[in-house]
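Novice: Take this structure, written in structure tokens, and hold onto it; I'll ask about it next.
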Amino acid sequence: MIIGLCGKSGSGKSTLARELINQYEGKMVHLDIDKVGHYVLTIKEVGEELVDNFGNTIISDGVVNRKKLSSIVFESKDKMRILEEITWKYMEMYIDQFLTENKDNIVILDWILLPKTKYFSMSNIKILLDVSYEVRKERVLNRDNITESKFQLRDGASIKYNQEDFDYVFNKTDKENIKRLVKRI
């Protein structure tokens with residue numbers, strides 16, 4: 001079984017996933033696809049292709065600097081599309097391998113862009129965390145130590161969700177509500 005967990009940055013996806021795993025210990029595994037994206041940036045071929053497209057300024061100490069790269073791609077949908085084209089094939093291989101290795105577990109796939117992938121239609125349960133902009137902003141500013149303008153860029157580059165595509169839509173993900181959400185799921 002695959003649980004597709006979606007929501008914009010700061011909506012509580014990872015928190016809900018951790019709580020589900022704690023509740024159903026040994027039966028569920030979680031893949032934060034953002035972390036897969038971070039991993040593929042360490043692949044030599046990916047780095048070379050990114051430099052070819054975005055220049056050497058994205059490299060620090062011989063590796064792709066995610067902050068420098070994000071400052072470029074969050075300002076342009078075309079540049080974001082180029083980044084996705086370069087990294088997606090590697091991300092997809094990693095996700096496919098993870099699903100194969102965990103075919104006997106319930107897998108939680110957690111990603112803001114999941115509806116744009118084949119994994120969304122593969123999900124048996126689709127959950128959207130539709131938390132207010134202000135709550136998400138406060139969480140992200142505290143968590144990621146970024147400025148409000150950087151958050152606005154990140155949030156503006158996000159996708160719009162169609163709530164009808166989801167089995168569950170939750171608007172509050174504070175600690176008290178997380179436990180109730182887990183019981184509902």
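Residues in the structure tokens are numbered from 1 in each chain, the chains being A, B, ... in the order shown, and ligands are numbered from 1 in the order shown.
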Need the shell around Tyr39 in chain A: protein/DNA/RNA residues with any atom at most 10 Å away, counting only C-alpha atoms. Skip same-chain ones fewer than 2 positions apart. Format as a ChimeraX atom specification?
Specialist: /A:33-37,41-43,87,90-91,94
Novice: Enumerate as number ranges by chain all residues of chain A assigned to strand (DSSP E or B) by DSSP on the backbone, naming them with the chain letters and numbers the document uses.
Specialist: A: 2-7, 28-32, 59-60, 63-64, 106-110, 125-129, 168-170
Novice: For the residues in that selection, give me C-alpha atoms as a PDB file, in the first residue's frame.
Specialist:
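Written out: selection.pdb:
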```pdb
ATOM      1  CA  ILE A   2       1.165   3.510  -0.767  1.00  0.00           C
ATOM      2  CA  ILE A   3       0.014   6.585   1.128  1.00  0.00           C
ATOM      3  CA  GLY A   4       0.581   9.795  -0.847  1.00  0.00           C
ATOM      4  CA  LEU A   5       1.093  12.713   1.524  1.00  0.00           C
ATOM      5  CA  CYS A   6       1.007  16.210   0.026  1.00  0.00           C
ATOM      6  CA  GLY A   7       1.012  19.795   1.192  1.00  0.00           C
ATOM      7  CA  MET A  28       5.137   1.599   7.676  1.00  0.00           C
ATOM      8  CA  VAL A  29       8.123   3.268   6.083  1.00  0.00           C
ATOM      9  CA  HIS A  30       8.444   6.909   5.043  1.00  0.00           C
ATOM     10  CA  LEU A  31      10.194   8.442   2.051  1.00  0.00           C
ATOM     11  CA  ASP A  32      10.581  12.211   2.111  1.00  0.00           C
ATOM     12  CA  ILE A  59      29.036  25.100  -6.628  1.00  0.00           C
ATOM     13  CA  SER A  60      30.566  25.519  -3.159  1.00  0.00           C
ATOM     14  CA  VAL A  63      29.326  20.290  -4.452  1.00  0.00           C
ATOM     15  CA  VAL A  64      26.019  21.800  -5.542  1.00  0.00           C
ATOM     16  CA  ILE A 106       2.956   0.391   3.863  1.00  0.00           C
ATOM     17  CA  VAL A 107       4.929   3.196   2.208  1.00  0.00           C
ATOM     18  CA  ILE A 108       4.330   6.867   2.903  1.00  0.00           C
ATOM     19  CA  LEU A 109       5.500   9.044   0.012  1.00  0.00           C
ATOM     20  CA  ASP A 110       5.760  12.635   1.201  1.00  0.00           C
ATOM     21  CA  ILE A 125      -4.666   6.748   0.022  1.00  0.00           C
ATOM     22  CA  LYS A 126      -4.086  10.398  -0.885  1.00  0.00           C
ATOM     23  CA  ILE A 127      -3.796  12.957   1.908  1.00  0.00           C
ATOM     24  CA  LEU A 128      -3.575  16.724   1.527  1.00  0.00           C
ATOM     25  CA  LEU A 129      -2.461  18.969   4.376  1.00  0.00           C
ATOM     26  CA  TYR A 168      -8.462  13.191   3.062  1.00  0.00           C
ATOM     27  CA  VAL A 169      -7.917  16.944   3.368  1.00  0.00           C
ATOM     28  CA  PHE A 170      -6.754  18.298   6.716  1.00  0.00           C
TER      29      PHE A 170
END
```
Novice: Leaving out Glu49 in chain A and any residue of its chain fewer than 3 positions from it, which residues lie within 12 Å of it when counting only C-alpha atoms, given as a ChimeraX atom specification?
Specialist: /A:40-46,52-56,58,64,82-87
Novice: Include C-alpha atoms and write out the residues we just selected as a short mmCIF file (atom, residue, chain, number, x, y, z; two decimals), in the first residue's frame.
Specialist:
```
data_model
loop_
_atom_site.label_atom_id
_atom_site.label_comp_id
_atom_site.auth_asym_id
_atom_site.auth_seq_id
_atom_site.Cartn_x
_atom_site.Cartn_y
_atom_site.Cartn_z
CA VAL A 40 20.57 13.33 -6.33
CA LEU A 41 22.33 16.70 -6.24
CA THR A 42 25.38 14.79 -4.96
CA ILE A 43 25.52 12.60 -8.08
CA LYS A 44 28.43 13.69 -10.26
CA GLU A 45 26.50 13.63 -13.57
CA VAL A 46 23.69 15.68 -12.07
CA ASP A 52 26.16 23.40 -17.69
CA ASN A 53 22.70 24.97 -17.27
CA PHE A 54 23.12 27.31 -14.29
CA GLY A 55 26.84 28.07 -14.14
CA ASN A 56 29.63 27.52 -11.60
CA ILE A 58 25.93 27.00 -7.76
CA VAL A 64 26.02 21.80 -5.54
CA ILE A 82 15.18 22.62 -16.24
CA LEU A 83 16.10 21.53 -12.70
CA GLU A 84 13.22 19.03 -12.69
CA GLU A 85 14.24 17.64 -16.09
CA ILE A 86 17.81 17.11 -14.91
CA THR A 87 17.05 15.57 -11.52
#
```
Novice: Hey, can you check how far CA of Arg154 in chain A sits from CA of Asn124 in chain A?
Specialist: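 Here the two named atoms are 28.6 Å from each other.
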Novice: I need the residues of range 3-173 of chain A that end up classed as helix (DSSP H, G or I) by DSSP on the backbone, written out as a PyMOL selection string.
Specialist: chain A and resi 13-23+33-40+44-54+56-58+66-73+77-101+114-116+118-122+133-144+148-156+163-165
Novice: Hey, can you check how far CA of Lys68 in chain A sits from CA of Lys137 in chain A?
Specialist: 20.7 Å
Novice: In Å, how far is it from CA of Gln97 in chain A to CA of Val51 in chain A?
Specialist: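 If I compute the distance from CA of Gln97 in chain A to CA of Val51 in chain A, I get 27.0 Å.
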